[in-house]
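This report refers to the structure that appears directly beneath it.
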Amino acid sequence: MTEQYVLDLQEVDEAQVALVGGKAANLGGLSRIDGIRVPAGFCVTTAAFRRIMADAPSIDDRLDQLSRLNPDDRETIRTLSAEIRRTIEGIAIPDDLAAAITRPLAPLGEQAAYAVRSSATAEDLPTASFAGQQDTYLNIVGPAAILQHVGRCWASLFTERAVIYRLRNGVDHRKTHMAVVVQQMVVPDAAGILFTADPVTGNRKVATVDASFGLGEALVSGRVNPDVFTVRDGEVVARTLATKQRAVHALPDGGTQEVAIDPQRQEQPALTDAQVVRLVQLGRRIEAHFGNPQDIEWCLADDDFQIVQSRPITTLYPIPAASDQENRVYLSVGHQQMMTDAMKPLGLSMWRLTAMTPMHEAGGRLFVDATRLLSSPTSRAGFLKMSEKSDPLTRDALETILGRHDFVPALPDSGPVGPTVGGAPAPIETDPAIVTALIERSQASIAALRRDIQTKTGPALFDFLFEAFKEHKQVLSDPLNIQAIMAGIDATTWLNDRLGEWLGEKNAADTLTLSAPGNVTSEMGLALLDVADVIRPHPEVVRFLERVEDDGFLDELPKFEGGTEARDAIEAYLDRYGMRCVGEIDITRPRWRERPTTLVPVLLDNVRTFEPGAAQRRFEQGRQEAQRKTQEVLTRLRALPDGEQKADETKRMIDRVRTFIGYREYPKYGIISRYLIYKSALLQEAERLVQAEVLPATEDVFYLTFQEFHDVVRSKQVDATLIQQRKDTFRSYQALTPPRVLTSEGEAITGAYRRDDVPAGALVGLPVSAGTVEGRARVILDMAQADLEPGDILVTAHTDPSWTPLFVSIAGLVTEVGGLMTHGAVIAREYGLPAVVSVLDATRLIADGQRIRVHGSDGYVELLP
């Protein structure tokens, strides 16, 4: 078969990325759109690049070295990539290949000017743009110069920035090839960029146009400020005109030159409003063709627009699919569940099947449609109140949307609009037996699930699980369960409000709830201290654990003195808490029971840091401090007018909060306990598929929905292409940051703190656990990488219950996500840790090792010198 070294752009389409690269594939697609003009040209295919690379076997060793590097090892990457580029540029292009490349110049004009542009196979793709990673050369004249610059484009696959980008995005250097586009130069009056969606807010209804005089190179390289036009519904709704002092022009004999613009033209717009609107109409046509918002490079010559590049805007957050065109407001589930990471398809579908509320998927995350609750004044008030308790940034974002009076449709108050939100459920007695009965009922349900699932395989397992999900939801929706949760939350609110009003106490409940009984999550952190007590007296066990890497280490422990006791203690801990893990709402995440090595670093820290009996002492200290606070508050209340009545009411609420607040953590524990049982059964089923050679690996089922998994079990057939596509998509979703609030127009709204009572330069957040602490910030994004010392302040994106074992050794907590009653806040109060949550970009703005002061009562963090 003869290799295709050159293809006319008219012969190219989007299906040929492997042969012509992303840029050329998109240009070929553009040339087929009615009314879209693309400069004539051709593509030197990846077949030519592979032939050149085959002539340089020495590159193979360097590629091996590159693939093993950390993307932060800039110096080594710079050296190796420069060597590879020099080698490629030094290869003489074979005569037959050179002839194939220069042959298409004859009909276009050998001495005409051309743009020679890189087109890599991992470029301008829907999931990764790789924008600006490879090189483009403008106004190249003559066959010899074109051949030279084709070689430079090949070599630019290994620019330092391109290598780092691939390393960070998990793209194999060997699987990325380079094609080169050669196009006739357009000498434009103006050029620039069109975004068919707002690249900052994500709004798909808004287009922005950047425009400047001359070639677009000056604008793309940042050498000039462009005019910026904003277009919505076919109308320019905003414009910012820049003083355009310089422009890049093509030279007659090749190359480009930066020139000064006549002072009289500098203030003139590069485009008229009519031209801007016409350009956006072209952009909408291109967007419709490719099926997603586009980043488009354009030129204007003689009042005629030509398109020289179009690629997806990969930074936009996807919008949940909807069956109509109505305006919608979506709330992030992950910000409520303290898990904003992308979830795999099986995890998404399992959470949706077991959740109490309908959810929508976008970008590997789940969202709730809040539009109806915001439409009616009555439901809106309760919903906003609930949102503020959960996360003030979410409330502010919602109010921003509501401030645009035409976005959320107004509904009359008459008639139900959905479940009441923020309303108080019927009160229950302050009786510890209620909590005991709820826990016993949950445990009985879990025990029955564990017993009954044992005999289920094949399609019968999935039928059983559908019924189990109903039981799962019945347990959660039990009115008594909800009443018990709300009793603790409402009592907390009552104490903070009344004691603030009567005594000037700020967040008094934080101290009054210290060491509240029955909190399964706080008990989990203390229980690991007890495990450390078992291990500490046995140096051989400690030394063995310090070098453990394999999850089978528990079987090795009995070989050492004290190892049997250590193993039994760890096993007992895993029996009670092994269902937990970071990101536990995603069933595909490895549980502690599956990966016990996750706990070893924390366990060793506890061995080194604490004295025997620390768990009991800590709990007792908290209990006594809460008791002292209770007596102090009651004494002060009795000295007030109507003091006895106020003291009696407060004592009843203190008893109530200490009875119920610990139960706040139990329903999630029950959910995740069931998840481990579901997962174990599903993995056994996946293993049977592997044994039957239906699947290559058990974890491939993580990239199927629950229903798709069911179908594979029935049919014994799987779509391997679908699984690979899902893996690639999941990887692209991991790079996205989900918004708290998202509209159906694609606008991501962050919300803001509107406070003027914090010091200049302080980071504002939500106060969730009282007290002030100063210490070293440890910015930790992966619990397994935690290296904490007593007195450190943990700074992280979000914490779910699996982070609790770290809380026993820290002095304070700062997170980017969280609310008053989310897990991190509840446990911080239990342990008496000053905490501020919902601090925007905390992990970026606070440097690891920096000294900070956390104001847990006032809700801000000071960065200290």
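Within each chain, counting starts at residue 1; across the structure tokens, chains are named A, B, ... in the order shown, with ligands numbered 1 upward in that order.
Omitting A:His710 and its sequence neighbours fewer than 6 positions away, and counting only C-alpha atoms, the residues within 10 Å are Gly458, Pro459, Ala460, Leu461, Phe462, Asp463, Leu682, Glu685, Leu704 and Lys716 of chain A.
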Worksheet entry | DSSP alpha helix (DSSP H) selection over stretch 564-596 of chain A, as a PyMOL selection string | chain A and resi 564-577
Produce a file of the selected residues containing all heavy atoms, as a short mmCIF file (atom, residue, chain, number, x, y, z; two decimals), in the first residue's frame.
data_model
loop_
_atom_site.label_atom_id
_atom_site.label_comp_id
_atom_site.auth_asym_id
_atom_site.auth_seq_id
_atom_site.Cartn_x
_atom_site.Cartn_y
_atom_site.Cartn_z
N THR A 564 0.40 -10.71 65.51
CA THR A 564 -0.96 -11.28 65.51
C THR A 564 -1.93 -10.30 66.16
O THR A 564 -3.02 -10.05 65.65
CB THR A 564 -0.98 -12.62 66.25
OG1 THR A 564 -0.09 -13.53 65.58
CG2 THR A 564 -2.39 -13.20 66.27
N GLU A 565 -1.51 -9.73 67.31
CA GLU A 565 -2.36 -8.74 67.97
C GLU A 565 -2.57 -7.50 67.08
O GLU A 565 -3.68 -6.96 67.01
CB GLU A 565 -1.75 -8.29 69.31
CG GLU A 565 -1.64 -9.41 70.34
CD GLU A 565 -0.27 -10.10 70.29
OE1 GLU A 565 0.24 -10.32 69.16
OE2 GLU A 565 0.26 -10.40 71.36
N ALA A 566 -1.50 -7.08 66.41
CA ALA A 566 -1.61 -5.93 65.51
C ALA A 566 -2.58 -6.22 64.37
O ALA A 566 -3.45 -5.39 64.04
CB ALA A 566 -0.24 -5.55 64.97
N ARG A 567 -2.43 -7.40 63.77
CA ARG A 567 -3.33 -7.77 62.67
C ARG A 567 -4.78 -7.81 63.15
O ARG A 567 -5.69 -7.28 62.47
CB ARG A 567 -2.94 -9.13 62.10
CG ARG A 567 -3.84 -9.59 60.94
CD ARG A 567 -3.75 -11.07 60.71
NE ARG A 567 -4.19 -11.80 61.91
CZ ARG A 567 -4.00 -13.11 62.10
NH1 ARG A 567 -3.38 -13.82 61.19
NH2 ARG A 567 -4.42 -13.69 63.21
N ASP A 568 -5.01 -8.42 64.29
CA ASP A 568 -6.38 -8.53 64.79
C ASP A 568 -6.98 -7.15 65.06
O ASP A 568 -8.17 -6.92 64.79
CB ASP A 568 -6.41 -9.37 66.07
CG ASP A 568 -6.08 -10.84 65.81
OD1 ASP A 568 -6.05 -11.23 64.62
OD2 ASP A 568 -5.83 -11.58 66.79
N ALA A 569 -6.16 -6.23 65.58
CA ALA A 569 -6.66 -4.87 65.86
C ALA A 569 -7.00 -4.14 64.57
O ALA A 569 -8.04 -3.47 64.47
CB ALA A 569 -5.62 -4.08 66.66
N ILE A 570 -6.14 -4.28 63.55
CA ILE A 570 -6.41 -3.62 62.27
C ILE A 570 -7.62 -4.26 61.60
O ILE A 570 -8.49 -3.55 61.04
CB ILE A 570 -5.17 -3.69 61.35
CG1 ILE A 570 -4.01 -2.91 61.96
CG2 ILE A 570 -5.50 -3.14 59.96
CD1 ILE A 570 -2.69 -3.09 61.23
N GLU A 571 -7.71 -5.59 61.66
CA GLU A 571 -8.86 -6.27 61.05
C GLU A 571 -10.16 -5.84 61.72
O GLU A 571 -11.17 -5.62 61.05
CB GLU A 571 -8.69 -7.80 61.17
CG GLU A 571 -7.67 -8.40 60.23
CD GLU A 571 -8.19 -8.54 58.81
OE1 GLU A 571 -9.31 -8.06 58.53
OE2 GLU A 571 -7.47 -9.09 57.96
N ALA A 572 -10.14 -5.73 63.04
CA ALA A 572 -11.35 -5.30 63.75
C ALA A 572 -11.73 -3.88 63.33
O ALA A 572 -12.92 -3.57 63.17
CB ALA A 572 -11.12 -5.38 65.26
N TYR A 573 -10.74 -3.03 63.16
CA TYR A 573 -10.99 -1.67 62.71
C TYR A 573 -11.61 -1.68 61.30
O TYR A 573 -12.58 -0.97 61.03
CB TYR A 573 -9.69 -0.87 62.70
CG TYR A 573 -9.87 0.60 62.38
CD1 TYR A 573 -10.17 1.53 63.36
CD2 TYR A 573 -9.74 1.07 61.07
CE1 TYR A 573 -10.35 2.88 63.08
CE2 TYR A 573 -9.91 2.41 60.76
CZ TYR A 573 -10.21 3.30 61.77
OH TYR A 573 -10.39 4.63 61.46
N LEU A 574 -11.05 -2.51 60.42
CA LEU A 574 -11.57 -2.60 59.06
C LEU A 574 -12.97 -3.20 59.02
O LEU A 574 -13.79 -2.83 58.18
CB LEU A 574 -10.62 -3.41 58.17
CG LEU A 574 -9.27 -2.75 57.88
CD1 LEU A 574 -8.35 -3.73 57.16
CD2 LEU A 574 -9.46 -1.48 57.04
N ASP A 575 -13.25 -4.14 59.95
CA ASP A 575 -14.60 -4.70 60.00
C ASP A 575 -15.63 -3.60 60.28
O ASP A 575 -16.75 -3.65 59.77
CB ASP A 575 -14.70 -5.78 61.09
CG ASP A 575 -14.00 -7.07 60.70
OD1 ASP A 575 -13.71 -7.24 59.49
OD2 ASP A 575 -13.73 -7.89 61.59
N ARG A 576 -15.24 -2.63 61.08
CA ARG A 576 -16.18 -1.56 61.45
C ARG A 576 -16.13 -0.38 60.49
O ARG A 576 -17.16 0.24 60.21
CB ARG A 576 -15.88 -1.08 62.88
CG ARG A 576 -16.84 -0.01 63.38
CD ARG A 576 -17.00 -0.02 64.87
NE ARG A 576 -17.75 1.10 65.39
CZ ARG A 576 -19.07 1.27 65.30
NH1 ARG A 576 -19.81 0.35 64.70
NH2 ARG A 576 -19.68 2.32 65.82
N TYR A 577 -14.95 -0.08 59.95
CA TYR A 577 -14.80 1.14 59.16
C TYR A 577 -14.21 0.90 57.77
O TYR A 577 -13.93 1.87 57.05
CB TYR A 577 -13.91 2.13 59.90
CG TYR A 577 -14.40 2.48 61.28
CD1 TYR A 577 -13.69 2.08 62.42
CD2 TYR A 577 -15.58 3.21 61.46
CE1 TYR A 577 -14.13 2.40 63.70
CE2 TYR A 577 -16.03 3.52 62.73
CZ TYR A 577 -15.31 3.12 63.84
OH TYR A 577 -15.76 3.43 65.10
#
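If only C-alpha atoms are the atoms counted, then among A:Leu514, A:Leu845, A:Ala811, A:Leu499 the closest residue to A:Glu625 is A:Leu514.
With only C-alpha atoms as the atoms that count, the minimum distance from A:Arg617 to the choices A:Val408, A:Asp530, A:Lys344, A:Gln184 is reached by A:Asp530.
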Worksheet item: Residues at most 12 Å from stretch 235-240 of chain A, counting only C-alpha atoms, excluding those fewer than 2 positions away in the same chain, as number ranges by chain?
Response: A: 205-212, 225-233, 242-244, 267-281
Can you list, as a short mmCIF file (atom, residue, chain, number, x, y, z; two decimals) with C-alpha atoms, in the first residue's frame, all residues belonging to stretch 254-368 of chain A that DSSP tags as strand (DSSP E or B)?
data_model
loop_
_atom_site.label_atom_id
_atom_site.label_comp_id
_atom_site.auth_asym_id
_atom_site.auth_seq_id
_atom_site.Cartn_x
_atom_site.Cartn_y
_atom_site.Cartn_z
CA THR A 256 6.54 39.17 9.18
CA GLN A 257 7.26 42.50 10.75
CA GLU A 258 5.71 44.47 13.60
CA VAL A 259 4.75 47.97 12.47
CA ALA A 260 3.29 51.07 14.10
CA GLN A 294 -15.67 26.68 19.32
CA ASP A 295 -12.54 28.81 19.63
CA ILE A 296 -12.18 30.20 16.08
CA GLU A 297 -9.31 32.11 14.48
CA TRP A 298 -10.45 34.37 11.65
CA CYS A 299 -9.14 36.90 9.13
CA LEU A 300 -10.95 39.74 7.39
CA ALA A 301 -9.77 40.74 3.91
CA ASP A 304 -14.70 38.84 3.53
CA PHE A 305 -14.14 36.57 6.54
CA GLN A 306 -11.89 33.55 6.17
CA ILE A 307 -11.54 30.94 8.92
CA VAL A 308 -8.03 29.66 9.59
CA GLN A 309 -8.68 27.48 12.62
CA SER A 310 -11.50 26.13 14.78
CA ARG A 311 -11.15 24.00 17.88
CA PRO A 312 -13.39 23.07 20.80
CA VAL A 329 -30.67 26.25 37.55
CA TYR A 330 -28.53 23.30 38.64
CA LEU A 331 -26.85 22.80 42.03
CA SER A 332 -23.74 20.68 42.45
CA HIS A 360 -28.57 15.02 36.35
CA GLU A 361 -25.06 14.16 35.16
CA ALA A 362 -22.60 16.58 33.56
CA ARG A 365 -20.52 15.04 38.39
CA LEU A 366 -24.12 15.12 39.58
CA PHE A 367 -26.46 18.11 39.79
CA VAL A 368 -29.94 18.74 41.16
#
Fill in: Counting only C-alpha atoms, the option among A:Thr804, A:Ser769, A:Thr698, A:Gln684 closest to A:Val520
A:Thr804
